[in-house]
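To be precise, the following lines are upload37.txt, and they hold compact mmCIF, N, CA and C atoms and all ligand atoms.
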```txt
# COMPACT_ATOMS: atom_id res chain seq x y z
N MET A 1 13.42 11.21 -3.14
CA MET A 1 12.25 12.11 -2.96
C MET A 1 12.14 12.51 -1.49
N LYS A 2 12.63 13.67 -1.16
CA LYS A 2 12.67 14.09 0.23
C LYS A 2 11.46 14.95 0.61
N ASP A 3 10.87 15.62 -0.38
CA ASP A 3 9.81 16.57 -0.06
C ASP A 3 8.54 15.88 0.42
N LYS A 4 8.15 16.21 1.62
CA LYS A 4 6.94 15.63 2.20
C LYS A 4 5.72 16.39 1.69
N ILE A 5 4.61 15.70 1.64
CA ILE A 5 3.37 16.34 1.25
C ILE A 5 2.46 16.42 2.46
N THR A 6 2.06 17.63 2.78
CA THR A 6 1.16 17.83 3.91
C THR A 6 -0.09 18.55 3.43
N LYS A 7 -1.23 17.94 3.66
CA LYS A 7 -2.50 18.58 3.29
C LYS A 7 -3.45 18.47 4.46
N THR A 8 -4.41 19.37 4.49
CA THR A 8 -5.45 19.28 5.51
C THR A 8 -6.43 18.17 5.12
N ASN A 9 -7.22 17.73 6.07
CA ASN A 9 -8.23 16.72 5.77
C ASN A 9 -9.17 17.20 4.67
N GLU A 10 -9.48 18.50 4.69
CA GLU A 10 -10.37 19.05 3.66
C GLU A 10 -9.75 18.89 2.28
N GLU A 11 -8.46 19.19 2.18
CA GLU A 11 -7.78 19.07 0.89
C GLU A 11 -7.72 17.63 0.43
N TRP A 12 -7.48 16.71 1.38
CA TRP A 12 -7.47 15.29 0.99
C TRP A 12 -8.84 14.85 0.53
N ARG A 13 -9.87 15.33 1.17
CA ARG A 13 -11.23 14.96 0.76
C ARG A 13 -11.52 15.39 -0.67
N ASP A 14 -10.91 16.51 -1.07
CA ASP A 14 -11.13 17.02 -2.43
C ASP A 14 -10.44 16.17 -3.48
N THR A 15 -9.33 15.50 -3.12
CA THR A 15 -8.57 14.78 -4.14
C THR A 15 -8.76 13.28 -4.08
N LEU A 16 -9.32 12.76 -3.01
CA LEU A 16 -9.50 11.31 -2.88
C LEU A 16 -10.97 10.95 -2.95
N THR A 17 -11.24 9.74 -3.40
CA THR A 17 -12.61 9.24 -3.33
C THR A 17 -12.92 8.96 -1.85
N PRO A 18 -14.20 8.86 -1.51
CA PRO A 18 -14.54 8.58 -0.11
C PRO A 18 -13.87 7.30 0.42
N GLU A 19 -13.80 6.26 -0.42
CA GLU A 19 -13.17 5.02 0.02
C GLU A 19 -11.66 5.19 0.16
N GLN A 20 -11.04 5.92 -0.76
CA GLN A 20 -9.60 6.20 -0.64
C GLN A 20 -9.32 7.00 0.62
N TYR A 21 -10.20 7.95 0.92
CA TYR A 21 -10.02 8.78 2.12
C TYR A 21 -10.15 7.92 3.38
N ARG A 22 -11.14 7.06 3.37
CA ARG A 22 -11.38 6.21 4.55
C ARG A 22 -10.16 5.31 4.83
N ILE A 23 -9.60 4.74 3.79
CA ILE A 23 -8.46 3.85 3.97
C ILE A 23 -7.19 4.63 4.34
N THR A 24 -6.86 5.64 3.51
CA THR A 24 -5.53 6.27 3.66
C THR A 24 -5.45 7.30 4.76
N ARG A 25 -6.55 7.99 5.03
CA ARG A 25 -6.48 9.05 6.05
C ARG A 25 -7.09 8.62 7.38
N GLU A 26 -7.98 7.63 7.33
CA GLU A 26 -8.63 7.18 8.57
C GLU A 26 -8.21 5.75 8.94
N LYS A 27 -7.14 5.27 8.32
CA LYS A 27 -6.58 3.96 8.63
C LYS A 27 -7.60 2.84 8.50
N GLY A 28 -8.39 2.94 7.44
CA GLY A 28 -9.39 1.91 7.21
C GLY A 28 -8.77 0.67 6.56
N THR A 29 -9.59 -0.36 6.42
CA THR A 29 -9.15 -1.60 5.79
C THR A 29 -10.22 -2.06 4.82
N GLU A 30 -9.81 -2.37 3.60
CA GLU A 30 -10.79 -2.91 2.66
C GLU A 30 -11.08 -4.36 3.04
N ARG A 31 -12.28 -4.82 2.70
CA ARG A 31 -12.62 -6.20 3.01
C ARG A 31 -11.73 -7.14 2.21
N PRO A 32 -11.27 -8.25 2.84
CA PRO A 32 -10.36 -9.15 2.14
C PRO A 32 -10.98 -9.72 0.87
N PHE A 33 -10.14 -9.96 -0.11
CA PHE A 33 -10.51 -10.54 -1.40
C PHE A 33 -11.43 -9.64 -2.23
N THR A 34 -11.54 -8.37 -1.85
CA THR A 34 -12.37 -7.45 -2.63
C THR A 34 -11.54 -6.46 -3.43
N GLY A 35 -10.27 -6.29 -3.08
CA GLY A 35 -9.46 -5.27 -3.73
C GLY A 35 -9.10 -5.63 -5.16
N GLU A 36 -8.98 -4.62 -6.00
CA GLU A 36 -8.75 -4.88 -7.42
C GLU A 36 -7.37 -5.43 -7.72
N TYR A 37 -6.41 -5.32 -6.78
CA TYR A 37 -5.06 -5.77 -7.06
C TYR A 37 -4.68 -7.06 -6.35
N VAL A 38 -5.62 -7.68 -5.65
CA VAL A 38 -5.30 -8.87 -4.86
C VAL A 38 -4.62 -9.93 -5.71
N LEU A 39 -5.20 -10.21 -6.87
CA LEU A 39 -4.69 -11.31 -7.70
C LEU A 39 -3.94 -10.82 -8.93
N LEU A 40 -3.73 -9.53 -9.04
CA LEU A 40 -3.08 -8.98 -10.23
C LEU A 40 -1.64 -9.46 -10.34
N LYS A 41 -1.27 -9.94 -11.54
CA LYS A 41 0.10 -10.43 -11.72
C LYS A 41 0.83 -9.69 -12.84
N LYS A 42 0.24 -8.63 -13.33
CA LYS A 42 0.90 -7.88 -14.40
C LYS A 42 2.17 -7.22 -13.88
N LYS A 43 3.10 -6.99 -14.83
CA LYS A 43 4.35 -6.32 -14.47
C LYS A 43 4.14 -4.81 -14.45
N GLY A 44 4.62 -4.21 -13.39
CA GLY A 44 4.47 -2.77 -13.28
C GLY A 44 4.80 -2.30 -11.88
N ARG A 45 4.44 -1.06 -11.62
CA ARG A 45 4.74 -0.49 -10.31
C ARG A 45 3.45 -0.09 -9.60
N TYR A 46 3.53 -0.08 -8.30
CA TYR A 46 2.40 0.31 -7.48
C TYR A 46 2.75 1.62 -6.76
N GLU A 47 1.97 2.64 -7.05
CA GLU A 47 2.21 3.96 -6.46
C GLU A 47 1.21 4.25 -5.35
N CYS A 48 1.56 5.17 -4.49
CA CYS A 48 0.63 5.67 -3.48
C CYS A 48 -0.53 6.35 -4.19
N VAL A 49 -1.76 5.96 -3.88
CA VAL A 49 -2.91 6.52 -4.58
C VAL A 49 -3.10 8.00 -4.22
N ALA A 50 -2.55 8.40 -3.08
CA ALA A 50 -2.74 9.77 -2.61
C ALA A 50 -1.73 10.75 -3.19
N CYS A 51 -0.48 10.29 -3.39
CA CYS A 51 0.56 11.25 -3.80
C CYS A 51 1.43 10.77 -4.96
N GLY A 52 1.26 9.54 -5.42
CA GLY A 52 2.04 9.07 -6.57
C GLY A 52 3.42 8.54 -6.22
N ASN A 53 3.76 8.50 -4.97
CA ASN A 53 5.05 7.96 -4.54
C ASN A 53 5.15 6.49 -4.97
N GLU A 54 6.24 6.13 -5.66
CA GLU A 54 6.39 4.73 -6.08
C GLU A 54 6.74 3.88 -4.88
N LEU A 55 5.91 2.88 -4.58
CA LEU A 55 6.05 2.14 -3.33
C LEU A 55 6.50 0.69 -3.52
N PHE A 56 5.83 -0.01 -4.44
CA PHE A 56 6.11 -1.44 -4.59
C PHE A 56 6.22 -1.78 -6.07
N SER A 57 6.94 -2.88 -6.35
CA SER A 57 7.06 -3.39 -7.70
C SER A 57 6.36 -4.74 -7.79
N SER A 58 5.85 -5.03 -8.99
CA SER A 58 5.26 -6.35 -9.20
C SER A 58 6.29 -7.45 -8.98
N ASP A 59 7.58 -7.10 -9.06
CA ASP A 59 8.63 -8.10 -8.86
C ASP A 59 8.66 -8.67 -7.45
N SER A 60 8.14 -7.92 -6.49
CA SER A 60 8.15 -8.41 -5.10
C SER A 60 6.74 -8.70 -4.60
N LYS A 61 5.80 -8.84 -5.53
CA LYS A 61 4.42 -9.16 -5.16
C LYS A 61 4.24 -10.68 -5.17
N TYR A 62 3.48 -11.18 -4.24
CA TYR A 62 3.21 -12.62 -4.22
C TYR A 62 1.82 -12.86 -3.68
N ASP A 63 1.33 -14.06 -3.88
CA ASP A 63 0.00 -14.40 -3.39
C ASP A 63 0.12 -14.99 -2.00
N SER A 64 -0.25 -14.18 -1.00
CA SER A 64 -0.12 -14.63 0.38
C SER A 64 -1.35 -15.40 0.85
N GLY A 65 -2.41 -15.33 0.06
CA GLY A 65 -3.64 -15.98 0.46
C GLY A 65 -4.43 -15.21 1.50
N SER A 66 -3.93 -14.02 1.86
CA SER A 66 -4.55 -13.22 2.92
C SER A 66 -5.79 -12.48 2.45
N GLY A 67 -5.87 -12.25 1.12
CA GLY A 67 -6.98 -11.46 0.62
C GLY A 67 -6.61 -10.02 0.34
N TRP A 68 -5.35 -9.66 0.59
CA TRP A 68 -4.86 -8.33 0.27
C TRP A 68 -3.59 -8.46 -0.57
N PRO A 69 -3.34 -7.47 -1.42
CA PRO A 69 -2.07 -7.47 -2.17
C PRO A 69 -0.91 -7.57 -1.18
N SER A 70 0.03 -8.46 -1.48
CA SER A 70 1.14 -8.70 -0.55
C SER A 70 2.47 -8.61 -1.28
N PHE A 71 3.43 -7.99 -0.61
CA PHE A 71 4.76 -7.78 -1.18
C PHE A 71 5.78 -8.16 -0.12
N TRP A 72 6.96 -8.62 -0.55
CA TRP A 72 7.97 -8.94 0.45
C TRP A 72 8.94 -7.80 0.70
N GLU A 73 8.85 -6.75 -0.13
CA GLU A 73 9.67 -5.58 0.16
C GLU A 73 9.17 -4.39 -0.65
N PRO A 74 9.38 -3.17 -0.13
CA PRO A 74 9.06 -1.98 -0.91
C PRO A 74 10.14 -1.72 -1.95
N VAL A 75 9.89 -0.79 -2.85
CA VAL A 75 10.87 -0.44 -3.88
C VAL A 75 12.18 -0.02 -3.24
N SER A 76 12.09 0.77 -2.18
CA SER A 76 13.26 1.06 -1.36
C SER A 76 12.76 1.43 0.04
N PRO A 77 13.58 1.20 1.06
CA PRO A 77 13.11 1.35 2.43
C PRO A 77 12.61 2.75 2.77
N GLU A 78 13.21 3.77 2.15
CA GLU A 78 12.82 5.14 2.52
C GLU A 78 11.47 5.55 1.96
N LYS A 79 10.90 4.71 1.10
CA LYS A 79 9.59 5.04 0.52
C LYS A 79 8.46 4.93 1.52
N ILE A 80 8.68 4.12 2.53
CA ILE A 80 7.60 3.88 3.47
C ILE A 80 8.07 4.16 4.90
N GLY A 81 7.11 4.41 5.74
CA GLY A 81 7.38 4.55 7.16
C GLY A 81 6.59 3.50 7.91
N THR A 82 7.00 3.21 9.12
CA THR A 82 6.26 2.25 9.92
C THR A 82 5.94 2.85 11.29
N GLU A 83 4.82 2.44 11.83
CA GLU A 83 4.40 2.91 13.15
C GLU A 83 3.78 1.76 13.92
N ARG A 84 4.00 1.77 15.22
CA ARG A 84 3.40 0.75 16.07
C ARG A 84 1.90 1.00 16.17
N ASP A 85 1.13 -0.03 15.94
CA ASP A 85 -0.34 0.07 15.95
C ASP A 85 -0.89 -0.93 16.96
N THR A 86 -1.53 -0.42 18.00
CA THR A 86 -2.07 -1.30 19.03
C THR A 86 -3.60 -1.34 19.01
N SER A 87 -4.19 -0.90 17.88
CA SER A 87 -5.65 -0.90 17.79
C SER A 87 -6.18 -2.33 17.67
N LEU A 88 -7.45 -2.48 17.93
CA LEU A 88 -8.14 -3.77 17.80
C LEU A 88 -7.55 -4.86 18.69
N GLY A 89 -6.88 -4.46 19.77
CA GLY A 89 -6.36 -5.43 20.71
C GLY A 89 -5.19 -6.25 20.19
N MET A 90 -4.54 -5.73 19.13
CA MET A 90 -3.39 -6.44 18.56
C MET A 90 -2.21 -5.49 18.50
N VAL A 91 -1.02 -6.04 18.53
CA VAL A 91 0.16 -5.22 18.29
C VAL A 91 0.63 -5.51 16.87
N ARG A 92 0.49 -4.51 16.02
CA ARG A 92 0.89 -4.67 14.62
C ARG A 92 1.78 -3.50 14.22
N THR A 93 2.43 -3.65 13.09
CA THR A 93 3.25 -2.57 12.56
C THR A 93 2.55 -1.98 11.35
N GLU A 94 2.10 -0.75 11.52
CA GLU A 94 1.42 -0.06 10.43
C GLU A 94 2.43 0.42 9.39
N VAL A 95 2.02 0.37 8.13
CA VAL A 95 2.86 0.87 7.03
C VAL A 95 2.21 2.11 6.44
N VAL A 96 2.99 3.16 6.33
CA VAL A 96 2.47 4.40 5.74
C VAL A 96 3.39 4.86 4.59
N CYS A 97 2.82 5.64 3.70
CA CYS A 97 3.63 6.29 2.66
C CYS A 97 4.49 7.34 3.34
N ASP A 98 5.80 7.28 3.10
CA ASP A 98 6.67 8.21 3.81
C ASP A 98 6.50 9.64 3.31
N ARG A 99 6.02 9.81 2.09
CA ARG A 99 5.91 11.16 1.57
C ARG A 99 4.66 11.89 2.05
N CYS A 100 3.53 11.19 2.06
CA CYS A 100 2.29 11.91 2.39
C CYS A 100 1.60 11.37 3.65
N GLY A 101 2.15 10.32 4.23
CA GLY A 101 1.57 9.81 5.47
C GLY A 101 0.35 8.94 5.28
N ALA A 102 0.01 8.59 4.04
CA ALA A 102 -1.17 7.76 3.80
C ALA A 102 -1.01 6.40 4.47
N HIS A 103 -2.07 5.96 5.14
CA HIS A 103 -2.09 4.60 5.67
C HIS A 103 -2.17 3.64 4.50
N LEU A 104 -1.29 2.63 4.50
CA LEU A 104 -1.27 1.66 3.40
C LEU A 104 -1.75 0.29 3.85
N GLY A 105 -1.31 -0.12 5.02
CA GLY A 105 -1.64 -1.46 5.52
C GLY A 105 -0.73 -1.78 6.69
N HIS A 106 -0.32 -3.05 6.77
CA HIS A 106 0.55 -3.48 7.86
C HIS A 106 1.65 -4.38 7.32
N VAL A 107 2.72 -4.53 8.10
CA VAL A 107 3.78 -5.46 7.71
C VAL A 107 3.90 -6.53 8.80
N PHE A 108 4.00 -7.78 8.35
CA PHE A 108 4.08 -8.93 9.26
C PHE A 108 5.35 -9.72 8.96
N GLU A 109 5.78 -10.51 9.93
CA GLU A 109 7.04 -11.24 9.78
C GLU A 109 6.82 -12.70 9.37
N ASP A 110 5.82 -12.91 8.53
CA ASP A 110 5.56 -14.28 8.06
C ASP A 110 5.62 -14.35 6.54
N GLY A 111 6.43 -13.48 5.95
CA GLY A 111 6.54 -13.44 4.49
C GLY A 111 7.60 -14.39 3.97
N PRO A 112 7.71 -14.43 2.65
CA PRO A 112 8.69 -15.32 2.01
C PRO A 112 10.10 -14.72 2.04
N GLN A 113 11.08 -15.54 1.77
CA GLN A 113 12.45 -15.05 1.59
C GLN A 113 12.50 -14.26 0.28
N PRO A 114 13.41 -13.31 0.15
CA PRO A 114 14.60 -13.12 0.99
C PRO A 114 14.39 -12.25 2.24
N THR A 115 13.25 -11.64 2.41
CA THR A 115 13.10 -10.72 3.56
C THR A 115 12.36 -11.35 4.73
N GLY A 116 11.51 -12.32 4.44
CA GLY A 116 10.67 -12.89 5.49
C GLY A 116 9.56 -11.96 5.93
N LEU A 117 9.34 -10.90 5.13
CA LEU A 117 8.31 -9.93 5.48
C LEU A 117 7.11 -10.03 4.55
N ARG A 118 5.97 -9.67 5.09
CA ARG A 118 4.74 -9.60 4.29
C ARG A 118 4.14 -8.22 4.44
N TYR A 119 4.31 -7.40 3.43
CA TYR A 119 3.65 -6.10 3.41
C TYR A 119 2.24 -6.32 2.89
N CYS A 120 1.29 -6.19 3.79
CA CYS A 120 -0.11 -6.49 3.50
C CYS A 120 -0.81 -5.15 3.27
N ILE A 121 -1.10 -4.87 1.99
CA ILE A 121 -1.45 -3.51 1.59
C ILE A 121 -2.85 -3.46 0.99
N ASN A 122 -3.60 -2.43 1.32
CA ASN A 122 -4.93 -2.25 0.73
C ASN A 122 -4.82 -1.85 -0.74
N SER A 123 -5.57 -2.53 -1.60
CA SER A 123 -5.60 -2.14 -3.02
C SER A 123 -5.99 -0.69 -3.19
N VAL A 124 -6.93 -0.25 -2.36
CA VAL A 124 -7.46 1.11 -2.47
C VAL A 124 -6.37 2.16 -2.26
N ALA A 125 -5.34 1.81 -1.49
CA ALA A 125 -4.26 2.76 -1.21
C ALA A 125 -3.23 2.82 -2.33
N LEU A 126 -3.40 1.95 -3.34
CA LEU A 126 -2.40 1.85 -4.41
C LEU A 126 -2.98 2.23 -5.76
N GLU A 127 -2.09 2.67 -6.64
CA GLU A 127 -2.44 2.90 -8.04
C GLU A 127 -1.43 2.11 -8.86
N PHE A 128 -1.93 1.13 -9.61
CA PHE A 128 -1.03 0.30 -10.42
C PHE A 128 -0.74 0.96 -11.75
N VAL A 129 0.53 0.98 -12.11
CA VAL A 129 0.94 1.52 -13.41
C VAL A 129 1.65 0.39 -14.15
N GLU A 130 1.03 -0.08 -15.24
CA GLU A 130 1.60 -1.21 -15.97
C GLU A 130 2.88 -0.80 -16.68
N GLU A 131 3.83 -1.72 -16.67
CA GLU A 131 5.12 -1.47 -17.30
C GLU A 131 4.95 -1.31 -18.81
N GLU A 132 5.66 -0.34 -19.36
CA GLU A 132 5.62 -0.11 -20.81
C GLU A 132 6.09 -1.35 -21.55
N GLY A 133 5.27 -1.84 -22.47
CA GLY A 133 5.66 -2.99 -23.25
C GLY A 133 5.66 -4.29 -22.48
N GLY A 134 5.27 -4.22 -21.20
CA GLY A 134 5.25 -5.43 -20.39
C GLY A 134 4.09 -6.33 -20.76
N GLU A 135 4.40 -7.56 -21.05
CA GLU A 135 3.33 -8.50 -21.36
C GLU A 135 2.61 -8.88 -20.08
N SER A 136 1.31 -8.91 -20.14
CA SER A 136 0.58 -9.26 -18.94
C SER A 136 0.75 -10.74 -18.63
N GLY A 137 0.70 -11.06 -17.37
CA GLY A 137 0.81 -12.45 -16.96
C GLY A 137 -0.55 -13.10 -17.05
N THR A 138 -1.00 -13.66 -15.96
CA THR A 138 -2.31 -14.31 -15.98
C THR A 138 -3.37 -13.38 -15.43
FE FE B 201 1.71 9.01 -0.50
```
Take the structure in this file and express it as C-alpha cells.
Ligand code: FE
Amino acid sequence: MKDKITKTNEEWRDTLTPEQYRITREKGTERPFTGEYVLLKKKGRYECVACGNELFSSDSKYDSGSGWPSFWEPVSPEKIGTERDTSLGMVRTEVVCDRCGAHLGHVFEDGPQPTGLRYCINSVALEFVEEEGGESGT
C-alpha cells in the first residue's frame, strides 16, 4: 500500500470522533487502562482507525501491564513510521500510521522477544476486526 492519505484538519474532524481526532491528529494519549483493547485477546487484526491501514495482529499482542494495548511488532515494517518525540521532557520514539500520518503511540525497547520492542498503542487509534471464524479467547 503505497498511496498516502492526506487530508486537512477540517476533513479529519468530519470523519473522526473528537476523541479519535485528539489522539491521532493532536498526538493525544488515552488514560491508561481505559482503552477498549487493553485486555482484548481475541484473534484478529488491528487497523488504523483513521484510514483502515492494517497495522497489528493479535498474534503479536501481549499484556505489558502498561495500561495500553501492546504489540512486539507491526504486521510489516512499512505499515508504520517512527519519529523522534522530545515532548514532556522525555526522548521517545513516536509511532505513526505510515499511510495517513495518524499518531498511534510510542515504541520502547523493553518488549518481549523476538523483537525486544513494545509498541505501546492507544486503543482509540485502532479499529479491531475479529478474524472470520476465529474463536474468542478470554
Ligand atoms: Fe492511518
Please identify every polymer residue within 7 Å of ligand FE 201 (chain B), using only C-alpha atoms and all ligand atoms, and present the set as a short mmCIF file (atom, residue, chain, number, x, y, z; two decimals) with N, CA and C atoms, in the coordinates of the input.
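Result written to result_12.cif:
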```
data_model
loop_
_atom_site.label_atom_id
_atom_site.label_comp_id
_atom_site.auth_asym_id
_atom_site.auth_seq_id
_atom_site.Cartn_x
_atom_site.Cartn_y
_atom_site.Cartn_z
N CYS A 48 1.56 5.17 -4.49
CA CYS A 48 0.63 5.67 -3.48
C CYS A 48 -0.53 6.35 -4.19
N VAL A 49 -1.76 5.96 -3.88
CA VAL A 49 -2.91 6.52 -4.58
C VAL A 49 -3.10 8.00 -4.22
N ALA A 50 -2.55 8.40 -3.08
CA ALA A 50 -2.74 9.77 -2.61
C ALA A 50 -1.73 10.75 -3.19
N CYS A 51 -0.48 10.29 -3.39
CA CYS A 51 0.56 11.25 -3.80
C CYS A 51 1.43 10.77 -4.96
N GLY A 52 1.26 9.54 -5.42
CA GLY A 52 2.04 9.07 -6.57
C GLY A 52 3.42 8.54 -6.22
N ASN A 53 3.76 8.50 -4.97
CA ASN A 53 5.05 7.96 -4.54
C ASN A 53 5.15 6.49 -4.97
N CYS A 97 2.82 5.64 3.70
CA CYS A 97 3.63 6.29 2.66
C CYS A 97 4.49 7.34 3.34
N ASP A 98 5.80 7.28 3.10
CA ASP A 98 6.67 8.21 3.81
C ASP A 98 6.50 9.64 3.31
N ARG A 99 6.02 9.81 2.09
CA ARG A 99 5.91 11.16 1.57
C ARG A 99 4.66 11.89 2.05
N CYS A 100 3.53 11.19 2.06
CA CYS A 100 2.29 11.91 2.39
C CYS A 100 1.60 11.37 3.65
N GLY A 101 2.15 10.32 4.23
CA GLY A 101 1.57 9.81 5.47
C GLY A 101 0.35 8.94 5.28
N ALA A 102 0.01 8.59 4.04
CA ALA A 102 -1.17 7.76 3.80
C ALA A 102 -1.01 6.40 4.47
#
```
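Distances from A:Ile121, A:Val107, A:Val75, A:Val129 to Glu47 in chain A were compared using all atoms listed in the file, and the smallest one belongs to A:Val129.
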Which polymer residues have any atom within 10 Å of an atom of Asp63 in chain A, counting only C-alpha atoms, with same-chain residues fewer than 4 positions away left out, as a list in words?
-> Val38, Leu39, Leu40, Lys41, Gly67, Trp68, Pro69, Ser70 and Phe71 of chain A
Pick from A:Lys79, A:Tyr119, A:Glu131, A:His103: nearest to Gln20 in chain A, with only C-alpha atoms counted?
-> A:His103
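The coordinates place CA of Ser66 in chain A at 11.5 Å from CA of Phe108 in chain A.
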Could you pull range 79-134 of chain A out of the structure I just pasted and write it to a file containing C-alpha atoms, as a PDB file, in the first residue's frame?
```pdb
ATOM      1  CA  LYS A  79       2.958  -0.034   7.764  1.00  0.00           C
ATOM      2  CA  ILE A  80       4.216   2.367  10.357  1.00  0.00           C
ATOM      3  CA  GLY A  81       6.562   5.282  10.595  1.00  0.00           C
ATOM      4  CA  THR A  82       8.562   6.489  13.553  1.00  0.00           C
ATOM      5  CA  GLU A  83       9.561   9.958  14.667  1.00  0.00           C
ATOM      6  CA  ARG A  84      11.704  11.277  17.469  1.00  0.00           C
ATOM      7  CA  ASP A  85       9.499  12.819  20.155  1.00  0.00           C
ATOM      8  CA  THR A  86      11.075  15.050  22.792  1.00  0.00           C
ATOM      9  CA  SER A  87       7.836  16.329  24.335  1.00  0.00           C
ATOM     10  CA  LEU A  88       7.139  16.140  28.064  1.00  0.00           C
ATOM     11  CA  GLY A  89      10.852  16.239  28.858  1.00  0.00           C
ATOM     12  CA  MET A  90      11.417  12.712  27.565  1.00  0.00           C
ATOM     13  CA  VAL A  91      13.066  11.297  24.487  1.00  0.00           C
ATOM     14  CA  ARG A  92      10.685   8.780  22.985  1.00  0.00           C
ATOM     15  CA  THR A  93      10.029   7.276  19.590  1.00  0.00           C
ATOM     16  CA  GLU A  94       6.612   8.161  18.285  1.00  0.00           C
ATOM     17  CA  VAL A  95       4.759   5.633  16.124  1.00  0.00           C
ATOM     18  CA  VAL A  96       2.536   6.854  13.309  1.00  0.00           C
ATOM     19  CA  CYS A  97       0.456   5.206  10.602  1.00  0.00           C
ATOM     20  CA  ASP A  98       2.614   5.373   7.507  1.00  0.00           C
ATOM     21  CA  ARG A  99      -0.356   5.854   5.214  1.00  0.00           C
ATOM     22  CA  CYS A 100      -2.217   8.712   6.871  1.00  0.00           C
ATOM     23  CA  GLY A 101       0.195  10.016   9.489  1.00  0.00           C
ATOM     24  CA  ALA A 102      -2.117   9.267  12.420  1.00  0.00           C
ATOM     25  CA  HIS A 103      -0.397   9.325  15.788  1.00  0.00           C
ATOM     26  CA  LEU A 104      -0.681   5.832  17.262  1.00  0.00           C
ATOM     27  CA  GLY A 105       1.549   5.781  20.324  1.00  0.00           C
ATOM     28  CA  HIS A 106       5.204   5.101  21.063  1.00  0.00           C
ATOM     29  CA  VAL A 107       7.673   2.246  20.748  1.00  0.00           C
ATOM     30  CA  PHE A 108      10.009   1.274  23.593  1.00  0.00           C
ATOM     31  CA  GLU A 109      12.899  -1.172  23.809  1.00  0.00           C
ATOM     32  CA  ASP A 110      11.622  -3.134  26.784  1.00  0.00           C
ATOM     33  CA  GLY A 111       9.385  -5.577  24.933  1.00  0.00           C
ATOM     34  CA  PRO A 112       9.468  -9.355  24.749  1.00  0.00           C
ATOM     35  CA  GLN A 113      11.405 -11.473  22.281  1.00  0.00           C
ATOM     36  CA  PRO A 114      11.734 -11.986  19.392  1.00  0.00           C
ATOM     37  CA  THR A 115      11.968  -8.220  18.800  1.00  0.00           C
ATOM     38  CA  GLY A 116      12.509  -6.802  22.272  1.00  0.00           C
ATOM     39  CA  LEU A 117      10.173  -3.994  21.283  1.00  0.00           C
ATOM     40  CA  ARG A 118       6.995  -2.725  22.885  1.00  0.00           C
ATOM     41  CA  TYR A 119       4.654  -0.875  20.578  1.00  0.00           C
ATOM     42  CA  CYS A 120       2.506   0.965  23.089  1.00  0.00           C
ATOM     43  CA  ILE A 121      -0.591   1.985  21.166  1.00  0.00           C
ATOM     44  CA  ASN A 122      -3.745   3.918  22.028  1.00  0.00           C
ATOM     45  CA  SER A 123      -6.921   1.842  21.688  1.00  0.00           C
ATOM     46  CA  VAL A 124      -8.626   4.910  20.274  1.00  0.00           C
ATOM     47  CA  ALA A 125      -6.218   4.936  17.322  1.00  0.00           C
ATOM     48  CA  LEU A 126      -7.121   1.348  16.419  1.00  0.00           C
ATOM     49  CA  GLU A 127     -10.099  -0.488  14.965  1.00  0.00           C
ATOM     50  CA  PHE A 128     -10.193  -4.182  15.814  1.00  0.00           C
ATOM     51  CA  VAL A 129     -11.509  -6.566  13.180  1.00  0.00           C
ATOM     52  CA  GLU A 130     -12.160 -10.058  14.515  1.00  0.00           C
ATOM     53  CA  GLU A 131     -10.873 -12.940  12.454  1.00  0.00           C
ATOM     54  CA  GLU A 132     -13.517 -14.810  10.468  1.00  0.00           C
ATOM     55  CA  GLY A 133     -14.423 -17.979  12.317  1.00  0.00           C
ATOM     56  CA  GLY A 134     -11.882 -17.158  14.991  1.00  0.00           C
TER      57      GLY A 134
END
```
